[in-house]
Each structure stands twice: as structure tokens, then as C-alpha cells.
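*Asks:* Dropping in protein.cif, with mmCIF, C-alpha atoms.
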data_structure
loop_
_atom_site.group_PDB
_atom_site.id
_atom_site.type_symbol
_atom_site.label_atom_id
_atom_site.label_comp_id
_atom_site.auth_asym_id
_atom_site.auth_seq_id
_atom_site.Cartn_x
_atom_site.Cartn_y
_atom_site.Cartn_z
ATOM 1 C CA MET A 29 3.377 33.906 -21.091
ATOM 2 C CA GLY A 30 6.638 35.752 -20.676
ATOM 3 C CA ALA A 31 8.259 33.272 -22.999
ATOM 4 C CA THR A 32 10.114 35.987 -24.856
ATOM 5 C CA GLU A 33 12.020 37.159 -21.809
ATOM 6 C CA ARG A 34 14.704 34.540 -22.041
ATOM 7 C CA THR A 35 16.696 33.258 -24.939
ATOM 8 C CA ALA A 36 16.438 29.680 -25.990
ATOM 9 C CA SER A 37 19.882 28.937 -24.648
ATOM 10 C CA GLU A 38 19.059 30.499 -21.294
ATOM 11 C CA LYS A 39 15.969 28.375 -21.143
ATOM 12 C CA ALA A 40 17.980 25.313 -21.974
ATOM 13 C CA ASP A 41 20.436 26.144 -19.197
ATOM 14 C CA PHE A 42 17.605 26.621 -16.764
ATOM 15 C CA LYS A 43 16.040 23.355 -17.748
ATOM 16 C CA ARG A 44 19.316 21.503 -17.395
ATOM 17 C CA GLU A 45 20.003 22.954 -13.969
ATOM 18 C CA LEU A 46 16.463 22.247 -12.878
ATOM 19 C CA THR A 47 16.791 18.661 -14.034
ATOM 20 C CA GLU A 48 20.054 18.238 -12.165
ATOM 21 C CA VAL A 49 18.547 19.392 -8.934
ATOM 22 C CA VAL A 50 15.535 17.052 -8.971
ATOM 23 C CA PRO A 51 17.225 14.270 -6.958
ATOM 24 C CA HIS A 52 18.091 16.800 -4.270
ATOM 25 C CA LEU A 53 14.559 18.117 -4.210
ATOM 26 C CA ARG A 54 13.325 14.572 -3.746
ATOM 27 C CA ALA A 55 15.719 13.998 -0.870
ATOM 28 C CA PHE A 56 14.792 17.236 0.868
ATOM 29 C CA ALA A 57 11.083 16.600 0.383
ATOM 30 C CA ARG A 58 11.380 13.036 1.658
ATOM 31 C CA GLY A 59 13.070 14.311 4.777
ATOM 32 C CA LEU A 60 10.455 16.990 5.286
ATOM 33 C CA CYS A 61 7.319 14.995 4.869
ATOM 34 C CA GLY A 62 8.482 11.464 5.442
ATOM 35 C CA ARG A 63 6.517 9.713 2.736
ATOM 36 C CA ALA A 64 7.935 9.024 -0.667
ATOM 37 C CA ASP A 65 4.691 9.526 -2.590
ATOM 38 C CA MET A 66 3.809 12.773 -0.864
ATOM 39 C CA ALA A 67 7.369 13.954 -1.279
ATOM 40 C CA ASP A 68 7.341 13.281 -4.995
ATOM 41 C CA ASP A 69 4.040 15.113 -5.422
ATOM 42 C CA LEU A 70 5.631 18.025 -3.678
ATOM 43 C CA VAL A 71 8.636 17.930 -5.966
ATOM 44 C CA GLN A 72 6.427 17.878 -9.052
ATOM 45 C CA GLU A 73 4.559 20.876 -7.761
ATOM 46 C CA THR A 74 7.887 22.569 -7.108
ATOM 47 C CA LEU A 75 9.136 21.903 -10.631
ATOM 48 C CA LEU A 76 6.031 23.411 -12.166
ATOM 49 C CA LYS A 77 6.301 26.477 -9.963
ATOM 50 C CA ALA A 78 9.986 26.853 -10.648
ATOM 51 C CA TRP A 79 9.395 26.602 -14.372
ATOM 52 C CA ALA A 80 6.661 29.188 -14.233
ATOM 53 C CA ALA A 81 8.884 31.507 -12.193
ATOM 54 C CA GLN A 82 12.078 30.950 -14.137
ATOM 55 C CA GLU A 83 12.494 34.586 -15.017
ATOM 56 C CA ARG A 84 13.031 35.278 -11.352
ATOM 57 C CA PHE A 85 15.967 32.913 -11.179
ATOM 58 C CA GLN A 86 19.302 34.683 -11.383
ATOM 59 C CA PRO A 87 21.587 32.688 -13.628
ATOM 60 C CA GLY A 88 24.792 31.824 -11.834
ATOM 61 C CA THR A 89 23.182 31.519 -8.420
ATOM 62 C CA SER A 90 22.358 28.256 -6.717
ATOM 63 C CA MET A 91 19.500 26.439 -8.412
ATOM 64 C CA ARG A 92 19.362 24.071 -5.471
ATOM 65 C CA ALA A 93 18.857 26.862 -2.954
ATOM 66 C CA TRP A 94 16.339 28.624 -5.182
ATOM 67 C CA THR A 95 14.217 25.549 -5.734
ATOM 68 C CA PHE A 96 14.455 24.525 -2.077
ATOM 69 C CA VAL A 97 12.774 27.787 -1.173
ATOM 70 C CA ILE A 98 9.955 27.004 -3.573
ATOM 71 C CA LEU A 99 9.635 23.468 -2.283
ATOM 72 C CA ARG A 100 9.625 24.605 1.308
ATOM 73 C CA ASN A 101 6.901 27.134 0.581
ATOM 74 C CA ALA A 102 4.799 24.603 -1.244
ATOM 75 C CA TYR A 103 5.194 22.206 1.668
ATOM 76 C CA LEU A 104 4.162 24.774 4.245
ATOM 77 C CA THR A 105 1.230 25.924 2.147
ATOM 78 C CA ASP A 106 0.017 22.406 1.605
ATOM 79 C CA MET A 107 0.391 21.554 5.251
ATOM 80 C CA ARG A 108 -1.540 24.603 6.284
ATOM 81 C CA ARG A 109 -4.260 23.845 3.787
ATOM 82 C CA ASN A 110 -4.378 20.484 5.459
ATOM 83 C CA ARG A 111 -3.777 18.738 2.242
ATOM 84 C CA PHE A 112 -1.568 16.266 4.036
ATOM 85 C CA ARG A 113 -3.616 16.232 7.197
ATOM 86 C CA GLY A 114 -5.473 13.111 6.243
ATOM 87 C CA GLU A 115 -2.164 11.312 6.202
ATOM 88 C CA TYR A 116 -1.575 11.937 9.841
ATOM 89 C CA ASP A 117 -3.213 8.857 11.159
ATOM 90 C CA GLU A 118 -1.877 5.995 13.087
ATOM 91 C CA THR A 119 -1.896 3.489 10.275
ATOM 92 C CA VAL A 120 0.122 5.731 8.055
ATOM 93 C CA ALA A 121 2.409 6.591 10.924
ATOM 94 C CA GLU A 122 3.071 2.951 11.429
ATOM 95 C CA ARG A 123 3.955 2.566 7.788
ATOM 96 C CA VAL A 124 6.247 5.564 7.797
ATOM 97 C CA LEU A 125 7.948 4.504 10.956
ATOM 98 C CA THR A 126 8.444 0.872 10.190
ATOM 99 C CA ALA A 127 8.999 0.785 6.465
ATOM 100 C CA PRO A 128 11.355 3.459 5.241
ATOM 101 C CA ALA A 129 12.466 3.315 1.638
ATOM 102 C CA GLY A 130 15.356 1.022 0.883
ATOM 103 C CA GLN A 131 15.303 -2.302 2.635
ATOM 104 C CA GLU A 132 19.038 -2.596 2.487
ATOM 105 C CA GLU A 133 19.510 0.304 4.843
ATOM 106 C CA PRO A 134 21.095 -0.578 8.134
ATOM 107 C CA ILE A 135 18.606 -0.510 10.926
ATOM 108 C CA HIS A 136 19.965 2.652 12.460
ATOM 109 C CA LEU A 137 19.014 4.553 9.340
ATOM 110 C CA SER A 138 15.375 3.757 9.827
ATOM 111 C CA ASP A 139 15.663 4.791 13.466
ATOM 112 C CA MET A 140 17.296 7.915 12.225
ATOM 113 C CA HIS A 141 14.460 8.649 9.845
ATOM 114 C CA ARG A 142 11.890 7.971 12.500
ATOM 115 C CA ALA A 143 13.615 10.226 14.968
ATOM 116 C CA LEU A 144 13.898 12.940 12.351
ATOM 117 C CA LEU A 145 10.174 12.843 11.731
ATOM 118 C CA THR A 146 9.423 13.468 15.383
ATOM 119 C CA LEU A 147 11.247 16.798 15.350
ATOM 120 C CA PRO A 148 9.281 20.024 15.066
ATOM 121 C CA PRO A 149 9.207 21.035 11.399
ATOM 122 C CA GLU A 150 11.444 24.080 11.671
ATOM 123 C CA ARG A 151 14.170 22.107 13.398
ATOM 124 C CA ARG A 152 13.791 19.228 11.010
ATOM 125 C CA GLU A 153 14.219 21.445 7.977
ATOM 126 C CA ALA A 154 17.181 23.256 9.533
ATOM 127 C CA LEU A 155 18.916 19.988 10.277
ATOM 128 C CA LEU A 156 18.128 18.621 6.828
ATOM 129 C CA LEU A 157 19.554 21.655 5.104
ATOM 130 C CA VAL A 158 22.745 21.850 7.128
ATOM 131 C CA GLY A 159 23.322 18.288 8.254
ATOM 132 C CA ALA A 160 22.172 16.439 5.151
ATOM 133 C CA GLY A 161 22.035 18.927 2.292
ATOM 134 C CA GLY A 162 25.417 20.388 3.161
ATOM 135 C CA PHE A 163 24.259 24.012 3.093
ATOM 136 C CA SER A 164 26.126 26.535 5.199
ATOM 137 C CA TYR A 165 24.234 28.183 8.035
ATOM 138 C CA GLU A 166 24.057 31.327 5.926
ATOM 139 C CA GLU A 167 22.554 29.512 2.969
ATOM 140 C CA ALA A 168 20.091 27.687 5.190
ATOM 141 C CA ALA A 169 19.082 30.972 6.793
ATOM 142 C CA ASN A 170 18.421 32.394 3.344
ATOM 143 C CA ILE A 171 16.325 29.443 2.354
ATOM 144 C CA CYS A 172 14.259 29.622 5.521
ATOM 145 C CA GLY A 173 14.091 33.395 5.554
ATOM 146 C CA CYS A 174 15.409 33.745 9.074
ATOM 147 C CA ALA A 175 18.528 34.879 10.914
ATOM 148 C CA VAL A 176 21.693 32.816 10.854
ATOM 149 C CA GLY A 177 21.581 32.601 14.648
ATOM 150 C CA THR A 178 18.079 31.171 14.456
ATOM 151 C CA ILE A 179 19.261 28.435 12.129
ATOM 152 C CA LYS A 180 22.198 27.646 14.387
ATOM 153 C CA SER A 181 19.892 27.430 17.328
ATOM 154 C CA ARG A 182 17.435 25.173 15.496
ATOM 155 C CA VAL A 183 20.173 22.878 14.268
ATOM 156 C CA GLY A 184 21.632 22.714 17.757
ATOM 157 C CA ARG A 185 18.301 21.807 19.281
ATOM 158 C CA ALA A 186 17.595 19.252 16.596
ATOM 159 C CA ARG A 187 20.990 17.668 17.160
ATOM 160 C CA SER A 188 20.602 17.395 20.857
ATOM 161 C CA ALA A 189 17.091 15.977 20.500
ATOM 162 C CA LEU A 190 18.418 13.322 18.123
ATOM 163 C CA ASN A 191 21.364 12.620 20.404
ATOM 164 C CA THR A 192 18.986 11.911 23.223
ATOM 165 C CA MET A 193 16.545 9.865 21.189
ATOM 166 C CA LEU A 194 19.117 7.773 19.395
ATOM 167 C CA ALA A 195 21.287 7.241 22.456
ATOM 168 C CA ASP A 196 18.363 6.012 24.555
ATOM 169 C CA GLY A 197 16.689 4.251 21.708
ATOM 170 C CA SER A 198 13.589 6.047 22.900
ATOM 171 C CA ILE A 199 11.993 7.618 19.890
ATOM 172 C CA PRO A 200 8.631 9.057 20.745
ATOM 173 C CA LYS A 201 5.858 8.725 18.222
ATOM 174 C CA ARG A 202 5.103 12.268 18.911
ATOM 175 C CA SER A 203 3.364 13.403 15.906
ATOM 176 C CA ILE A 204 0.678 11.322 15.092
ATOM 177 C CA GLU A 205 -1.326 9.584 17.617
ATOM 178 C CA ASP A 206 -1.446 12.243 20.226
ATOM 179 C CA ASP A 207 -3.978 14.874 19.378
ATOM 180 C CA THR A 208 -2.334 17.539 21.500
ATOM 181 C CA ALA A 209 1.001 16.973 19.870
ATOM 182 C CA HIS A 210 -0.631 16.960 16.479
ATOM 183 C CA ARG A 211 -2.176 20.310 17.165
ATOM 184 C CA ALA A 212 1.177 21.632 18.341
ATOM 185 C CA ILE A 213 2.750 20.561 15.064
ATOM 186 C CA LEU A 214 0.203 22.461 13.056
ATOM 187 C CA GLU A 215 0.774 25.532 15.169
ATOM 188 C CA GLU A 216 4.493 25.226 14.682
ATOM 189 C CA LEU A 217 3.883 25.182 10.967
ATOM 190 C CA ASP A 218 2.089 28.480 11.292
ATOM 191 C CA ASP A 219 5.134 29.876 13.013
ATOM 192 C CA VAL A 220 7.474 28.475 10.429
ATOM 193 C CA ALA A 221 5.377 29.809 7.599
ATOM 194 C CA ALA A 222 5.247 33.229 9.227
ATOM 195 C CA GLY A 223 8.992 33.611 8.811
ATOM 196 C CA GLN A 224 8.908 33.377 5.085
ATOM 197 C CA GLY A 225 11.497 35.986 4.261
ATOM 198 C CA VAL A 226 13.235 35.051 1.058
ATOM 199 C CA ALA A 227 10.599 32.463 0.485
ATOM 200 C CA ALA A 228 7.936 35.118 0.202
ATOM 201 C CA ARG A 229 9.533 36.392 -2.950
ATOM 202 C CA SER A 230 9.013 33.290 -4.931
ATOM 203 C CA MET B 29 -10.334 20.345 12.777
ATOM 204 C CA ALA B 30 -9.038 23.836 13.260
ATOM 205 C CA ARG B 31 -7.737 24.444 16.704
ATOM 206 C CA ALA B 32 -7.031 27.470 18.847
ATOM 207 C CA LYS B 33 -3.473 28.620 18.927
ATOM 208 C CA PRO B 34 -1.584 27.487 22.009
ATOM 209 C CA TYR B 35 0.487 30.330 23.308
ATOM 210 C CA ALA B 36 3.109 28.098 24.795
ATOM 211 C CA MET B 37 4.529 27.601 21.329
ATOM 212 C CA ASN B 38 5.052 31.306 20.897
ATOM 213 C CA ALA B 39 7.216 31.530 23.962
ATOM 214 C CA GLN B 40 9.356 28.743 22.660
ATOM 215 C CA GLN B 41 9.505 30.290 19.238
ATOM 216 C CA SER B 42 10.634 33.650 20.495
ATOM 217 C CA SER B 43 13.464 32.074 22.460
ATOM 218 C CA GLU B 44 14.596 30.485 19.253
ATOM 219 C CA GLN B 45 14.675 33.756 17.445
ATOM 220 C CA GLN B 46 17.499 34.935 19.688
ATOM 221 C CA PRO B 47 20.801 34.297 18.062
ATOM 222 C CA GLU B 48 22.720 32.572 20.798
ATOM 223 C CA LYS B 49 26.058 34.156 20.099
ATOM 224 C CA GLY B 50 27.862 36.231 17.534
ATOM 225 C CA ALA B 51 26.201 35.351 14.287
ATOM 226 C CA GLY B 52 28.367 35.054 11.234
ATOM 227 C CA GLU B 53 31.459 33.663 12.937
ATOM 228 C CA ALA B 54 31.304 30.229 11.453
ATOM 229 C CA LYS B 55 31.237 30.327 7.701
ATOM 230 C CA LYS B 56 30.624 26.614 7.360
ATOM 231 C CA PRO B 57 28.712 24.069 9.380
ATOM 232 C CA PRO B 58 31.050 22.687 12.002
ATOM 233 C CA ARG B 59 31.778 19.418 10.259
ATOM 234 C CA LYS B 60 34.928 19.121 12.253
ATOM 235 C CA GLU B 61 33.585 18.906 15.770
ATOM 236 C CA ALA B 62 32.828 15.488 17.165
ATOM 237 C CA GLN B 63 29.770 14.241 15.355
ATOM 238 C CA PRO B 64 27.627 11.503 16.755
ATOM 239 C CA GLU B 65 27.272 8.392 14.677
ATOM 240 C CA TRP B 66 23.830 9.386 13.481
ATOM 241 C CA ALA B 67 25.134 12.518 11.798
ATOM 242 C CA ASN B 68 26.596 10.365 9.103
ATOM 243 C CA GLY B 69 23.329 8.463 8.940
ATOM 244 C CA LEU B 70 21.435 11.656 8.268
ATOM 245 C CA ARG B 71 23.581 12.372 5.262
ATOM 246 C CA LYS B 72 23.277 8.784 4.087
ATOM 247 C CA LEU B 73 19.536 9.020 4.334
ATOM 248 C CA TYR B 74 19.593 12.094 2.142
ATOM 249 C CA ASP B 75 22.146 10.672 -0.283
ATOM 250 C CA SER B 76 20.239 7.427 -0.622
ATOM 251 C CA VAL B 77 17.316 9.382 -2.052
ATOM 252 C CA VAL B 78 19.571 11.514 -4.249
ATOM 253 C CA GLU B 79 21.009 8.347 -5.737
ATOM 254 C CA GLU B 80 17.664 6.702 -6.460
ATOM 255 C CA PRO B 81 16.908 6.437 -10.159
ATOM 256 C CA LEU B 82 14.500 9.139 -11.201
ATOM 257 C CA PRO B 83 10.948 7.839 -11.601
ATOM 258 C CA ASP B 84 9.481 8.153 -15.078
ATOM 259 C CA SER B 85 6.891 10.593 -13.828
ATOM 260 C CA PHE B 86 9.657 13.154 -13.418
ATOM 261 C CA LYS B 87 11.104 12.539 -16.819
ATOM 262 C CA ASP B 88 7.641 12.983 -18.275
ATOM 263 C CA LEU B 89 7.067 16.159 -16.369
ATOM 264 C CA LEU B 90 10.400 17.617 -17.380
ATOM 265 C CA SER B 91 9.819 16.887 -21.024
ATOM 266 C CA GLN B 92 6.366 18.430 -20.838
ATOM 267 C CA LEU B 93 7.829 21.677 -19.534
ATOM 268 C CA ASP B 94 9.361 22.427 -22.892
ATOM 269 C CA ALA B 95 6.201 21.616 -24.745
ATOM 270 C CA LYS B 96 4.405 24.341 -22.850
ATOM 271 C CA ASP B 97 6.317 27.157 -24.467
#
With the file now loaded, output its structure as C-alpha cells.

*Replies:*
Amino acid sequence: MGATERTASEKADFKRELTEVVPHLRAFARGLCGRADMADDLVQETLLKAWAAQERFQPGTSMRAWTFVILRNAYLTDMRRNRFRGEYDETVAERVLTAPAGQEEPIHLSDMHRALLTLPPERREALLLVGAGGFSYEEAANICGCAVGTIKSRVGRARSALNTMLADGSIPKRSIEDDTAHRAILEELDDVAAGQGVAARS
Amino acid sequence: MARAKPYAMNAQQSSEQQPEKGAGEAKKPPRKEAQPEWANGLRKLYDSVVEEPLPDSFKDLLSQLDAKD
């Protein structure tokens, strides 16, 4: 379907760029949802969607930004469909929080990951995009479909929350065991998903 | 377990929608300003995943994409 729209060489370029960006998609997804297996499922879903939508990709623009929008949307949709809801139990939380990927990581990295996962989703994604993915505020705002000032504010709040948590060594297990907090997270996702902006186009 | 929407979140959300100051001043994230130690850790966390070898499932998926057309 639509296979005639692009030349073979354009398709090859798209495929190559898509392939190159997979490790970044995995890193972003891992940061968003915390679990390697869920993250990889999300990336696979993203690749299929990106492939199907390839005619909407403007050659010469950032493949990473374009696919991040798709991944983010897929994540929010899946979360809201509660596909991942079953994973939010204490046992899993314990696994996420105590056994991050890569045993050789210094201990503060696992604290870091844990702290990151306690942030509200919109702040977590903002911090991931800017602080880890190296996107500018403008690019991050485009990916999240919100104002640049909103991204700055979210990154700022995320940073100060992490400062506090990592300085005190007091990382709350907010998400998972507390039903009220859990509910709040799901509501936050609604809010995040509401601001789809650019994302809505894909 | 669908739950009613707590309105407290909306108040917080709307405060976040306010750009705090002149948007568009900084073109780049402020890498320069004093970063706490964890900031580097955040990037390492990300980079450690980027540098992982790609699982076969991805290679399979990518090669199947072509076959579809």
C-alpha cells in the first residue's frame, strides 16, 4: 500500500536511518517505561508504525525526533489502554528498582534510574529528551507537542526533584505500591496525552 | 480499575503550562551551568542502552520490513 510513492533509493535511505536510530529508541523507551522487555516491545511497535508511515517522513529532517514522537505516542496509548498496568505491582517494582540492566554500572546509576522512574511521566520524558538524549528545548517541545517554556519548566522541576532525592538518598517508591499515587500517575498520563501537538500528526 | 479524575492534578498542570520566562532565549540546553553529579549519570544511563548490542529480534524485524513491500 502506497509502495509506489517512494523510489527504491529513498526507501533504502529511510530504512538505513531507521536502523541507525533503533539504539536511541531503545534508550528512550527504557527511560520512559523502566523495563527492558516492555521498552523493546514498544520500540518494535514504533518501528512498524514508522515503516508504515514512512511517506510522512521528510527526508533531511531528524529521524530520531520523528521516531521519538511515534514512540512517545505509542507509549501513552499503551499506558492509557492499561496494557502495562498489570506490570505496576510491587514485585515488578522491586525488580525494576533493584536490578537495572548492566551489573557493572556504578551504584549511583541504579539510584539514578530508580529516581527517574519516580518522576511524573511528563517530567521524566522532558528530562530524558534534554538531559540524556541531548535534544534542545525547542526540539523536545516539538516532540512533546508543547511550548518551549513548558519543557523548560518540566526539566527544571525534574532536575530539582532529582537533586533532592539523590542528595538525601531518599528515593520514594512513589509509583507502585501506593494506590493513590498510582491513580495520580494514570491521570498525569491523560494530561500528557492531551498535549499531543506534533505527535497527533503521526 | 478506572478512577475518577482528581482535579488537583489539573491545577498543577496548568501552572506548568506557563512559560516561566522569555521562551526562546536559550537555543541549547544549558550544559554549561553547574550540573549535579547525577546529570552525567543520566546521560550514561541513556548511552549504556544505546551502546548495547542490538538484540536479534530487532534485526529480524528490520529485515522483515523490506519483505513486506

*Asks:* Can you measure atom CA of A:Ala40 to atom CA of A:Phe163 for me? One decimal in Å is fine.

*Replies:*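 That distance, rounded to one decimal, is 25.9 Å.
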
*Asks:* What gap, in Å, lies between atom CA of A:Leu99 and atom CA of A:Ala67?

*Replies:*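 Separating atom CA of A:Leu99 from atom CA of A:Ala67 is a distance of 9.8 Å.
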
*Asks:* May I ask you to extract the residues of chain A within 8 Å of chain B, using all atoms listed in the file, and to give them as an NGL selection string?

*Replies:* :A and (31 or 47 or 51-52 or 54-56 or 58-59 or 72 or 76 or 79 or 136-137 or 140-141 or 156 or 158-166 or 175-178 or 180-182 or 191 or 194 or 211-212 or 215-216 or 219)

*Asks:* Measure the distance from atom CA of A:Gln82 to atom CA of A:Glu38 in Å and round it to one decimal.

*Replies:*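 Between these atoms lies a distance of 10.0 Å.
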
*Asks:* Which residues fall under the PyMOL selection byres ((chain A and resi 150-155) around 7) in this file, as a PyMOL selection string?

*Replies:* chain A and resi 60+144+147-149+156-159+168+179+182-183+186+220

*Asks:* If you keep C-alpha atoms, can you produce a file of those selected residues as an mmCIF file, in the frame of the given file?

*Replies:*
data_model
loop_
_atom_site.group_PDB
_atom_site.id
_atom_site.type_symbol
_atom_site.label_atom_id
_atom_site.label_comp_id
_atom_site.auth_asym_id
_atom_site.auth_seq_id
_atom_site.Cartn_x
_atom_site.Cartn_y
_atom_site.Cartn_z
ATOM 1 C CA LEU A 60 10.455 16.990 5.286
ATOM 2 C CA LEU A 144 13.898 12.940 12.351
ATOM 3 C CA LEU A 147 11.247 16.798 15.350
ATOM 4 C CA PRO A 148 9.281 20.024 15.066
ATOM 5 C CA PRO A 149 9.207 21.035 11.399
ATOM 6 C CA LEU A 156 18.128 18.621 6.828
ATOM 7 C CA LEU A 157 19.554 21.655 5.104
ATOM 8 C CA VAL A 158 22.745 21.850 7.128
ATOM 9 C CA GLY A 159 23.322 18.288 8.254
ATOM 10 C CA ALA A 168 20.091 27.687 5.190
ATOM 11 C CA ILE A 179 19.261 28.435 12.129
ATOM 12 C CA ARG A 182 17.435 25.173 15.496
ATOM 13 C CA VAL A 183 20.173 22.878 14.268
ATOM 14 C CA ALA A 186 17.595 19.252 16.596
ATOM 15 C CA VAL A 220 7.474 28.475 10.429
#

*Asks:* For A:Ala189, which of A:Glu167, A:Glu45, A:Leu145, A:Lys39 is the closest residue, counting only C-alpha atoms?

*Replies:*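 Closest to A:Ala189, using only C-alpha atoms: A:Leu145.
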